[in-house]
Amino acid sequence: MRGWERADGRKGIRNIVVVAYLVECAHHVSKQIAAPFEDDDVHVIGFPGCYPNAYAQRMLTALCTHPNVGAVLLVSLGCEGFNKGALENEIRESGRPMALATIQHDGGSIETINAGRAQVAKMCEALKLQPTVELVPGDLVVGTICGGSDGTSALTANPAIGRAFDTLVNAGTTCIFEETGELIGCENHMAERAVTPELGEAIVACIAKAAKYYTELGHGSFAPGNADGGLTTQEEKSLGAYSKSGSAPISGLIKPADRPLVPGLYLLDVVPDGEVRFGFPNINDVVEIAELIACGAHVILFSTGRGSVVGSAIAPVVKICANPETFRKMPGDMDIDAGKILEGHESLDKLGEEIVALVHEVASGRRTVSEALGHREFGLTYKTFEPTGPSCLPAPPR
Amino acid sequence: MDQQTVRDLEDHRLGHVLLLHPGDNVVTACRDLAAEFSFAHHNRRITLTDDIKLGFKIAVCPIRRGEHVTKHGAPIGSAIRDIAAGSRVHLENMKSDYIPTYTLNLSSARQS
């Protein structure tokens, strides 16, 4: 595997220029700046809100200093509430080339677009000259998510990702699984896998928080249709999603934009702390992927049964199709056909090996199908989190 | 049983039933299977006592009332009566240890 080393010592598998808007009002100008660079790795991300939010600030900081990102252009309207000075400082401290455009100060849309394009062209040229370095499994962070799930997800793609996670964690790669709202009923099993009893208690409390949050929103997980498909209990349904985590010990419980400093398997808590505010914890799969990437994930393993097509800004998304029928309908959107398990052409262990091999190829520069199609979805909304508790993270190496 | 034997057996059943974890006491049907269909599990032959639809669970050993039903290597609930090997395992003979399952009947009763 070969990638690019950043000034802060982290290594990326892509060399991306990020154009980040700091309020929705600067989104169009940002898109126009990036438009001529369709064939280069220039990705647009941003935060639509005008009112400041600590979570969004942490998220954009983590994303702009992600190891796959080589340079950053921030695009401000000028009067929004986002703390752009703090973001600018963090990016500069990470050693990345960066620039800030402020539409109200720089002469409006056309002037800002033209100046921004010149900046991005310069950044792209500079990044092309950067030499590559070797990556070892310990440099890699891999996240997983399921979306557009159906009855086949729990039988094929999810347990195959679990087997891939076991192999990756064994080799020293950091792996992250998430969606605590879909893990209700698995908390005691997770607690037993936790590396310390205190972490186990924190995981149980975190799932109780998710259950309370979803109950208040009136949003249950087990639907009568699930029983028609052969699922009997809530915990059985949850285990289908949970099987993506494999069987390694759980090293820590993190929140969005927390970065694990010790290799291992981590659970990402995506449900906000405190009273229910700002609506659903995650409005779609894309915002969950952004949270995994903000935790440092270089690659996302996306299990889908019904057939999601999304990719993401900043990190390649590997689409693992659980349902053989879906794979036949939309093969051009899928990287791996996990449904062949149901037709007797493959075993879960072999499929796990296939996933690990593809992760290593993608980390060596191979484009995933969503990348090749230009899928660079991104979303970020308001949330509230308290700082991660001391029992949730293993002690960093000295 | 060593890991290789488990894998050989898993391969033998490819395409009909899926053992998600070596220690599970149920397998999942990968396609609709008729009663009398049989397959090997842990060197024993299991014969279906019921028709089993795609996605439904089959007991691969006797499960006593009160014992955990395990799938994906973890409990998914408990047997509410003795279950024979080869039987379907669903709402009629097991329950959640966590939260009662909403059935279609309950849901339609709620809607009316």
# chains A, B, ... in the order shown; residues from 1 in each chain; ligands from 1

call {"tool": "closest_atom_pairs", "arguments": {"of": "chain A", "to": "chain B", "cutoff": "8 Å", "atoms": "only C-alpha atoms", "output": "CSV"}}
result
residue,atom,partner,partner_atom,distance
A:Gly151,CA,B:Gly55,CA,6.9
A:Thr152,CA,B:Gly55,CA,7.7
A:Leu155,CA,B:Leu20,CA,7.3
A:Pro159,CA,B:Leu20,CA,7.4
A:Gly185,CA,B:Tyr98,CA,6.3
A:His189,CA,B:Ala74,CA,7.2
A:Phe222,CA,B:Tyr102,CA,7.6
A:Ala223,CA,B:Tyr102,CA,7.2
A:Pro224,CA,B:Leu104,CA,5.2
A:Gly225,CA,B:Leu104,CA,7.6
A:Ala227,CA,B:Thr103,CA,7.1
A:Gly229,CA,B:Gly55,CA,6.0
A:Gly230,CA,B:Phe56,CA,4.2
A:Leu231,CA,B:Phe56,CA,7.0
A:Thr232,CA,B:His90,CA,5.6
A:Thr233,CA,B:Ser96,CA,5.2
A:Gln234,CA,B:Thr101,CA,6.9
A:Glu235,CA,B:Ile76,CA,5.3
A:Glu236,CA,B:Ile76,CA,4.8
A:Leu239,CA,B:His72,CA,6.8
A:Gly240,CA,B:His72,CA,7.6
A:Ser243,CA,B:His72,CA,6.6
A:Ile341,CA,B:Gly15,CA,6.8
A:Leu342,CA,B:Gly15,CA,5.2
A:Glu343,CA,B:Gly15,CA,4.7
A:Gly344,CA,B:Gly15,CA,3.6
A:His345,CA,B:Gly15,CA,7.4
A:Glu346,CA,B:Leu14,CA,7.6
A:Ser347,CA,B:Asp11,CA,6.8

call {"tool": "write_last_selection", "arguments": {"atoms": "N, CA and C atoms", "output": "PDB file, in the first residue's frame"}}
result
ATOM      1  N   GLY A 151     -33.516  -8.408   4.158  1.00  0.00           N
ATOM      2  CA  GLY A 151     -33.329  -9.662   4.874  1.00  0.00           C
ATOM      3  C   GLY A 151     -32.011 -10.352   4.567  1.00  0.00           C
ATOM      4  N   THR A 152     -31.406 -10.043   3.423  1.00  0.00           N
ATOM      5  CA  THR A 152     -30.151 -10.714   3.069  1.00  0.00           C
ATOM      6  C   THR A 152     -28.935 -10.065   3.736  1.00  0.00           C
ATOM      7  N   LEU A 155     -27.341 -11.963   6.457  1.00  0.00           N
ATOM      8  CA  LEU A 155     -26.879 -13.315   6.129  1.00  0.00           C
ATOM      9  C   LEU A 155     -25.588 -13.313   5.338  1.00  0.00           C
ATOM     10  N   PRO A 159     -22.109 -10.367   8.008  1.00  0.00           N
ATOM     11  CA  PRO A 159     -21.143 -11.281   8.627  1.00  0.00           C
ATOM     12  C   PRO A 159     -19.839 -11.388   7.842  1.00  0.00           C
ATOM     13  N   GLY A 185     -30.262  -4.432  22.256  1.00  0.00           N
ATOM     14  CA  GLY A 185     -30.367  -5.867  22.508  1.00  0.00           C
ATOM     15  C   GLY A 185     -29.010  -6.554  22.442  1.00  0.00           C
ATOM     16  N   HIS A 189     -23.788  -8.406  25.158  1.00  0.00           N
ATOM     17  CA  HIS A 189     -22.770  -9.120  24.387  1.00  0.00           C
ATOM     18  C   HIS A 189     -21.582  -8.205  24.107  1.00  0.00           C
ATOM     19  N   PHE A 222     -38.021  -2.551  15.188  1.00  0.00           N
ATOM     20  CA  PHE A 222     -38.534  -3.825  14.699  1.00  0.00           C
ATOM     21  C   PHE A 222     -39.929  -3.634  14.108  1.00  0.00           C
ATOM     22  N   ALA A 223     -40.074  -3.891  12.809  1.00  0.00           N
ATOM     23  CA  ALA A 223     -41.360  -3.727  12.127  1.00  0.00           C
ATOM     24  C   ALA A 223     -42.002  -5.099  11.917  1.00  0.00           C
ATOM     25  N   PRO A 224     -43.338  -5.174  11.867  1.00  0.00           N
ATOM     26  CA  PRO A 224     -43.996  -6.469  11.671  1.00  0.00           C
ATOM     27  C   PRO A 224     -43.474  -7.203  10.425  1.00  0.00           C
ATOM     28  N   GLY A 225     -43.113  -6.473   9.392  1.00  0.00           N
ATOM     29  CA  GLY A 225     -42.575  -7.101   8.174  1.00  0.00           C
ATOM     30  C   GLY A 225     -41.315  -7.898   8.442  1.00  0.00           C
ATOM     31  N   ALA A 227     -40.783  -9.895  10.943  1.00  0.00           N
ATOM     32  CA  ALA A 227     -41.166 -11.240  11.361  1.00  0.00           C
ATOM     33  C   ALA A 227     -41.612 -12.070  10.156  1.00  0.00           C
ATOM     34  N   GLY A 229     -40.292 -11.969   7.358  1.00  0.00           N
ATOM     35  CA  GLY A 229     -39.079 -12.377   6.653  1.00  0.00           C
ATOM     36  C   GLY A 229     -38.247 -13.371   7.429  1.00  0.00           C
ATOM     37  N   GLY A 230     -38.745 -13.817   8.609  1.00  0.00           N
ATOM     38  CA  GLY A 230     -38.039 -14.850   9.361  1.00  0.00           C
ATOM     39  C   GLY A 230     -37.337 -14.344  10.596  1.00  0.00           C
ATOM     40  N   LEU A 231     -37.292 -13.028  10.791  1.00  0.00           N
ATOM     41  CA  LEU A 231     -36.685 -12.497  12.013  1.00  0.00           C
ATOM     42  C   LEU A 231     -37.704 -12.596  13.144  1.00  0.00           C
ATOM     43  N   THR A 232     -37.262 -13.064  14.319  1.00  0.00           N
ATOM     44  CA  THR A 232     -38.199 -13.315  15.406  1.00  0.00           C
ATOM     45  C   THR A 232     -38.144 -12.237  16.474  1.00  0.00           C
ATOM     46  N   THR A 233     -36.964 -11.735  16.806  1.00  0.00           N
ATOM     47  CA  THR A 233     -36.841 -10.816  17.948  1.00  0.00           C
ATOM     48  C   THR A 233     -36.014  -9.580  17.593  1.00  0.00           C
ATOM     49  N   GLN A 234     -36.167  -8.542  18.439  1.00  0.00           N
ATOM     50  CA  GLN A 234     -35.373  -7.316  18.283  1.00  0.00           C
ATOM     51  C   GLN A 234     -33.880  -7.629  18.309  1.00  0.00           C
ATOM     52  N   GLU A 235     -33.466  -8.505  19.270  1.00  0.00           N
ATOM     53  CA  GLU A 235     -32.029  -8.771  19.365  1.00  0.00           C
ATOM     54  C   GLU A 235     -31.511  -9.517  18.139  1.00  0.00           C
ATOM     55  N   GLU A 236     -32.372 -10.343  17.535  1.00  0.00           N
ATOM     56  CA  GLU A 236     -31.943 -11.042  16.308  1.00  0.00           C
ATOM     57  C   GLU A 236     -31.728 -10.035  15.183  1.00  0.00           C
ATOM     58  N   LEU A 239     -28.590  -8.121  15.871  1.00  0.00           N
ATOM     59  CA  LEU A 239     -27.388  -8.927  15.638  1.00  0.00           C
ATOM     60  C   LEU A 239     -26.999  -8.947  14.168  1.00  0.00           C
ATOM     61  N   GLY A 240     -27.976  -8.801  13.302  1.00  0.00           N
ATOM     62  CA  GLY A 240     -27.673  -8.753  11.876  1.00  0.00           C
ATOM     63  C   GLY A 240     -26.761  -7.580  11.556  1.00  0.00           C
ATOM     64  N   SER A 243     -23.296  -8.009  13.432  1.00  0.00           N
ATOM     65  CA  SER A 243     -22.341  -8.999  12.917  1.00  0.00           C
ATOM     66  C   SER A 243     -21.263  -8.345  12.052  1.00  0.00           C
ATOM     67  N   ILE A 341     -23.139 -15.926  -1.759  1.00  0.00           N
ATOM     68  CA  ILE A 341     -23.210 -16.862  -0.624  1.00  0.00           C
ATOM     69  C   ILE A 341     -24.539 -17.610  -0.641  1.00  0.00           C
ATOM     70  N   LEU A 342     -25.628 -16.871  -0.911  1.00  0.00           N
ATOM     71  CA  LEU A 342     -26.959 -17.488  -0.877  1.00  0.00           C
ATOM     72  C   LEU A 342     -27.129 -18.485  -2.015  1.00  0.00           C
ATOM     73  N   GLU A 343     -26.383 -18.291  -3.083  1.00  0.00           N
ATOM     74  CA  GLU A 343     -26.528 -19.186  -4.224  1.00  0.00           C
ATOM     75  C   GLU A 343     -25.488 -20.294  -4.208  1.00  0.00           C
ATOM     76  N   GLY A 344     -24.729 -20.375  -3.099  1.00  0.00           N
ATOM     77  CA  GLY A 344     -23.836 -21.503  -2.930  1.00  0.00           C
ATOM     78  C   GLY A 344     -22.508 -21.382  -3.641  1.00  0.00           C
ATOM     79  N   HIS A 345     -22.181 -20.170  -4.131  1.00  0.00           N
ATOM     80  CA  HIS A 345     -20.935 -20.026  -4.874  1.00  0.00           C
ATOM     81  C   HIS A 345     -19.754 -19.589  -4.016  1.00  0.00           C
ATOM     82  N   GLU A 346     -19.993 -19.300  -2.751  1.00  0.00           N
ATOM     83  CA  GLU A 346     -18.924 -18.743  -1.928  1.00  0.00           C
ATOM     84  C   GLU A 346     -19.237 -18.979  -0.458  1.00  0.00           C
ATOM     85  N   SER A 347     -18.176 -19.023   0.381  1.00  0.00           N
ATOM     86  CA  SER A 347     -18.404 -19.129   1.821  1.00  0.00           C
ATOM     87  C   SER A 347     -18.143 -17.765   2.457  1.00  0.00           C
TER      88      SER A 347
END

call {"tool": "select_by_dssp", "arguments": {"residues": "region 138-331 of chain A", "states": "alpha helix (DSSP H)", "output": "PyMOL selection string"}}
result
chain A and resi 157-170+187-193+197-216+224-228+234-242+285-294+324-329

call {"tool": "residues_around", "arguments": {"residues": "Tyr51 (chain A)", "least_positions_apart": "5", "cutoff": "10 Å", "atoms": "only C-alpha atoms", "output": "NGL selection string"}}
result
:A and (23 or 80-83 or 382)

call {"tool": "residues_around", "arguments": {"residues": "Leu127 (chain A)", "least_positions_apart": "5", "cutoff": "8 Å", "atoms": "only C-alpha atoms", "output": "list in words"}}
result
Asn15, Gly70 and Ala71 of chain A

call {"tool": "residues_around", "arguments": {"residues": "Leu380 (chain A)", "least_positions_apart": "6", "cutoff": "8 Å", "atoms": "only C-alpha atoms", "output": "PyMOL selection string"}}
result
chain A and resi 46-48+56+287+290

call {"tool": "residues_around", "arguments": {"residues": "Gln104 (chain A)", "least_positions_apart": "4", "cutoff": "7 Å", "atoms": "only C-alpha atoms", "output": "PyMOL selection string"}}
result
chain A and resi 77-78+108

call {"tool": "residues_around", "arguments": {"residues": "His66 (chain A)", "least_positions_apart": "6", "cutoff": "10 Å", "atoms": "only C-alpha atoms", "output": "mmCIF file with N, CA, C and O atoms, in the first residue's frame"}}
result
data_model
loop_
_atom_site.group_PDB
_atom_site.id
_atom_site.type_symbol
_atom_site.label_atom_id
_atom_site.label_comp_id
_atom_site.auth_asym_id
_atom_site.auth_seq_id
_atom_site.Cartn_x
_atom_site.Cartn_y
_atom_site.Cartn_z
ATOM 1 N N ARG A 6 1.455 13.217 5.871
ATOM 2 C CA ARG A 6 1.184 14.623 6.195
ATOM 3 C C ARG A 6 2.202 15.127 7.210
ATOM 4 O O ARG A 6 2.855 14.337 7.899
ATOM 5 N N ARG A 10 0.455 11.621 10.062
ATOM 6 C CA ARG A 10 -0.580 10.675 9.619
ATOM 7 C C ARG A 10 -0.440 10.444 8.120
ATOM 8 O O ARG A 10 0.061 11.300 7.390
ATOM 9 N N LYS A 11 -0.891 9.282 7.671
ATOM 10 C CA LYS A 11 -0.764 8.935 6.257
ATOM 11 C C LYS A 11 -2.132 8.742 5.621
ATOM 12 O O LYS A 11 -3.015 8.124 6.219
ATOM 13 N N GLY A 12 -2.290 9.273 4.403
ATOM 14 C CA GLY A 12 -3.552 9.170 3.680
ATOM 15 C C GLY A 12 -3.426 8.265 2.474
ATOM 16 O O GLY A 12 -2.323 8.005 1.986
ATOM 17 N N ILE A 16 -6.317 14.667 -1.628
ATOM 18 C CA ILE A 16 -7.502 15.434 -2.021
ATOM 19 C C ILE A 16 -7.356 16.911 -1.663
ATOM 20 O O ILE A 16 -6.792 17.258 -0.614
ATOM 21 N N LEU A 60 -15.913 19.539 11.077
ATOM 22 C CA LEU A 60 -15.213 20.148 9.932
ATOM 23 C C LEU A 60 -13.704 20.203 10.184
ATOM 24 O O LEU A 60 -12.910 20.012 9.266
ATOM 25 N N ILE A 91 -6.137 23.977 10.838
ATOM 26 C CA ILE A 91 -5.638 23.451 9.559
ATOM 27 C C ILE A 91 -4.179 23.876 9.358
ATOM 28 O O ILE A 91 -3.339 23.075 8.963
ATOM 29 N N SER A 94 -1.843 21.861 11.337
ATOM 30 C CA SER A 94 -1.638 20.498 10.829
ATOM 31 C C SER A 94 -0.600 20.483 9.710
ATOM 32 O O SER A 94 -0.214 19.421 9.229
ATOM 33 N N ILE A 293 -15.701 9.032 8.819
ATOM 34 C CA ILE A 293 -14.502 9.623 8.213
ATOM 35 C C ILE A 293 -13.870 10.631 9.179
ATOM 36 O O ILE A 293 -12.651 10.703 9.306
ATOM 37 N N ALA A 294 -14.725 11.377 9.895
ATOM 38 C CA ALA A 294 -14.201 12.345 10.867
ATOM 39 C C ALA A 294 -13.444 11.656 12.000
ATOM 40 O O ALA A 294 -12.615 12.269 12.669
ATOM 41 N N CYS A 295 -13.721 10.364 12.225
ATOM 42 C CA CYS A 295 -12.966 9.591 13.224
ATOM 43 C C CYS A 295 -11.676 9.035 12.621
ATOM 44 O O CYS A 295 -10.976 8.250 13.264
ATOM 45 N N GLY A 296 -11.395 9.391 11.378
ATOM 46 C CA GLY A 296 -10.136 8.993 10.759
ATOM 47 C C GLY A 296 -10.243 7.888 9.727
ATOM 48 O O GLY A 296 -9.215 7.478 9.168
ATOM 49 N N ALA A 297 -11.456 7.376 9.457
ATOM 50 C CA ALA A 297 -11.581 6.253 8.513
ATOM 51 C C ALA A 297 -11.073 6.660 7.128
ATOM 52 O O ALA A 297 -11.458 7.690 6.591
ATOM 53 N N HIS A 298 -10.177 5.822 6.565
ATOM 54 C CA HIS A 298 -9.654 6.042 5.211
ATOM 55 C C HIS A 298 -10.563 5.418 4.167
ATOM 56 O O HIS A 298 -10.566 5.820 3.014
ATOM 57 N N ILE A 314 -13.936 12.684 0.472
ATOM 58 C CA ILE A 314 -12.756 12.422 1.326
ATOM 59 C C ILE A 314 -12.320 10.959 1.414
ATOM 60 O O ILE A 314 -11.136 10.660 1.329
ATOM 61 N N ALA A 315 -13.245 10.003 1.595
ATOM 62 C CA ALA A 315 -12.815 8.604 1.726
ATOM 63 C C ALA A 315 -13.600 7.720 0.762
ATOM 64 O O ALA A 315 -14.821 7.865 0.638
#

call {"tool": "closest_residue", "arguments": {"among": "B:Phe37, B:Asp51, B:Arg65, B:Asn25", "to": "Ala85 (chain B)", "atoms": "only C-alpha atoms"}}
result
B:Asn25

call {"tool": "atom_distance", "arguments": {"atom1": "CA of Thr144 (chain A)", "atom2": "CA of Ala164 (chain A)"}}
result
10.7 Å

call {"tool": "select_by_dssp", "arguments": {"residues": "region 14-169 of chain A", "states": "strand (DSSP E or B)", "output": "PyMOL selection string"}}
result
chain A and resi 16-21+42-46+69-76+98-102+133-134+141-146

call {"tool": "write_last_selection", "arguments": {"atoms": "N, CA, C and O atoms", "output": "tab-separated table (two decimals), in the first residue's frame"}}
result
chain	number	residue	atom	x	y	z
A	16	ILE	N	-6.32	14.67	-1.63
A	16	ILE	CA	-7.50	15.43	-2.02
A	16	ILE	C	-7.36	16.91	-1.66
A	16	ILE	O	-6.79	17.26	-0.61
A	17	VAL	N	-7.85	17.79	-2.55
A	17	VAL	CA	-8.05	19.20	-2.19
A	17	VAL	C	-9.51	19.35	-1.75
A	17	VAL	O	-10.42	18.99	-2.50
A	18	VAL	N	-9.72	19.83	-0.53
A	18	VAL	CA	-11.07	20.04	-0.03
A	18	VAL	C	-11.45	21.51	-0.18
A	18	VAL	O	-10.66	22.40	0.15
A	19	VAL	N	-12.65	21.75	-0.74
A	19	VAL	CA	-13.23	23.09	-0.74
A	19	VAL	C	-14.39	23.03	0.25
A	19	VAL	O	-15.34	22.27	0.05
A	20	ALA	N	-14.30	23.80	1.34
A	20	ALA	CA	-15.29	23.69	2.42
A	20	ALA	C	-16.05	25.00	2.60
A	20	ALA	O	-15.44	26.03	2.89
A	21	TYR	N	-17.36	24.94	2.41
A	21	TYR	CA	-18.19	26.12	2.66
A	21	TYR	C	-18.60	26.17	4.14
A	21	TYR	O	-18.84	25.13	4.75
A	42	VAL	N	-10.83	16.93	-6.19
A	42	VAL	CA	-11.24	18.16	-5.50
A	42	VAL	C	-12.66	17.93	-5.00
A	42	VAL	O	-13.58	17.72	-5.79
A	43	HIS	N	-12.83	17.89	-3.68
A	43	HIS	CA	-14.11	17.51	-3.09
A	43	HIS	C	-14.72	18.69	-2.32
A	43	HIS	O	-13.99	19.39	-1.62
A	44	VAL	N	-16.03	18.84	-2.43
A	44	VAL	CA	-16.72	19.92	-1.72
A	44	VAL	C	-17.42	19.35	-0.49
A	44	VAL	O	-18.18	18.38	-0.58
A	45	ILE	N	-17.12	19.94	0.68
A	45	ILE	CA	-17.83	19.59	1.92
A	45	ILE	C	-18.26	20.91	2.56
A	45	ILE	O	-17.93	21.97	2.04
A	46	GLY	N	-18.97	20.84	3.67
A	46	GLY	CA	-19.32	22.10	4.34
A	46	GLY	C	-20.40	21.91	5.38
A	46	GLY	O	-20.90	20.80	5.60
A	69	VAL	N	-6.67	14.24	3.05
A	69	VAL	CA	-6.77	15.61	2.56
A	69	VAL	C	-5.38	16.26	2.53
A	69	VAL	O	-4.69	16.30	3.56
A	70	GLY	N	-4.99	16.78	1.35
A	70	GLY	CA	-3.67	17.37	1.20
A	70	GLY	C	-3.67	18.88	1.32
A	70	GLY	O	-2.66	19.48	1.71
A	71	ALA	N	-4.78	19.53	0.96
A	71	ALA	CA	-4.86	20.99	1.00
A	71	ALA	C	-6.32	21.41	1.13
A	71	ALA	O	-7.22	20.64	0.75
A	72	VAL	N	-6.55	22.61	1.66
A	72	VAL	CA	-7.92	23.05	1.97
A	72	VAL	C	-8.15	24.49	1.54
A	72	VAL	O	-7.32	25.37	1.80
A	73	LEU	N	-9.28	24.73	0.87
A	73	LEU	CA	-9.76	26.09	0.63
A	73	LEU	C	-11.07	26.26	1.39
A	73	LEU	O	-12.05	25.56	1.12
A	74	LEU	N	-11.08	27.19	2.38
A	74	LEU	CA	-12.31	27.48	3.11
A	74	LEU	C	-13.04	28.61	2.39
A	74	LEU	O	-12.40	29.58	1.95
A	75	VAL	N	-14.36	28.47	2.27
A	75	VAL	CA	-15.16	29.51	1.61
A	75	VAL	C	-16.22	30.01	2.58
A	75	VAL	O	-17.14	29.29	2.96
A	76	SER	N	-16.05	31.27	2.97
A	76	SER	CA	-16.96	31.92	3.93
A	76	SER	C	-17.80	32.94	3.18
A	76	SER	O	-17.32	33.56	2.21
A	98	MET	N	-3.28	25.90	3.00
A	98	MET	CA	-4.70	26.27	3.08
A	98	MET	C	-4.89	27.73	2.71
A	98	MET	O	-3.96	28.54	2.75
A	99	ALA	N	-6.12	28.06	2.29
A	99	ALA	CA	-6.46	29.44	1.98
A	99	ALA	C	-7.90	29.68	2.42
A	99	ALA	O	-8.68	28.74	2.55
A	100	LEU	N	-8.21	30.95	2.69
A	100	LEU	CA	-9.57	31.32	3.10
A	100	LEU	C	-10.09	32.36	2.12
A	100	LEU	O	-9.44	33.39	1.91
A	101	ALA	N	-11.24	32.09	1.52
A	101	ALA	CA	-11.90	33.07	0.66
A	101	ALA	C	-13.15	33.57	1.38
A	101	ALA	O	-13.89	32.77	1.96
A	102	THR	N	-13.36	34.86	1.40
A	102	THR	CA	-14.55	35.43	2.04
A	102	THR	C	-15.30	36.24	0.98
A	102	THR	O	-14.82	37.28	0.53
A	133	VAL	N	4.61	7.44	0.09
A	133	VAL	CA	5.33	6.64	1.10
A	133	VAL	C	4.61	5.30	1.25
A	133	VAL	O	3.46	5.15	0.82
A	134	GLU	N	5.29	4.34	1.87
A	134	GLU	CA	4.66	3.05	2.07
A	134	GLU	C	3.71	3.10	3.26
A	134	GLU	O	3.97	3.78	4.25
A	141	VAL	N	-7.32	3.06	8.86
A	141	VAL	CA	-8.55	3.04	9.66
A	141	VAL	C	-9.70	2.72	8.71
A	141	VAL	O	-9.84	3.34	7.66
A	142	VAL	N	-10.51	1.71	9.06
A	142	VAL	CA	-11.61	1.27	8.19
A	142	VAL	C	-12.91	1.38	8.97
A	142	VAL	O	-13.00	0.91	10.11
A	143	GLY	N	-13.93	2.00	8.38
A	143	GLY	CA	-15.23	2.11	9.02
A	143	GLY	C	-16.25	1.25	8.30
A	143	GLY	O	-16.06	0.90	7.13
A	144	THR	N	-17.34	0.91	8.98
A	144	THR	CA	-18.40	0.17	8.30
A	144	THR	C	-19.78	0.70	8.65
A	144	THR	O	-20.00	1.23	9.75
A	145	ILE	N	-20.69	0.55	7.69
A	145	ILE	CA	-22.06	1.05	7.83
A	145	ILE	C	-22.94	0.14	6.99
A	145	ILE	O	-22.47	-0.44	6.01
A	146	CYS	N	-24.23	-0.04	7.39
A	146	CYS	CA	-25.16	-0.68	6.47
A	146	CYS	C	-26.28	0.29	6.14
A	146	CYS	O	-26.70	1.08	6.98
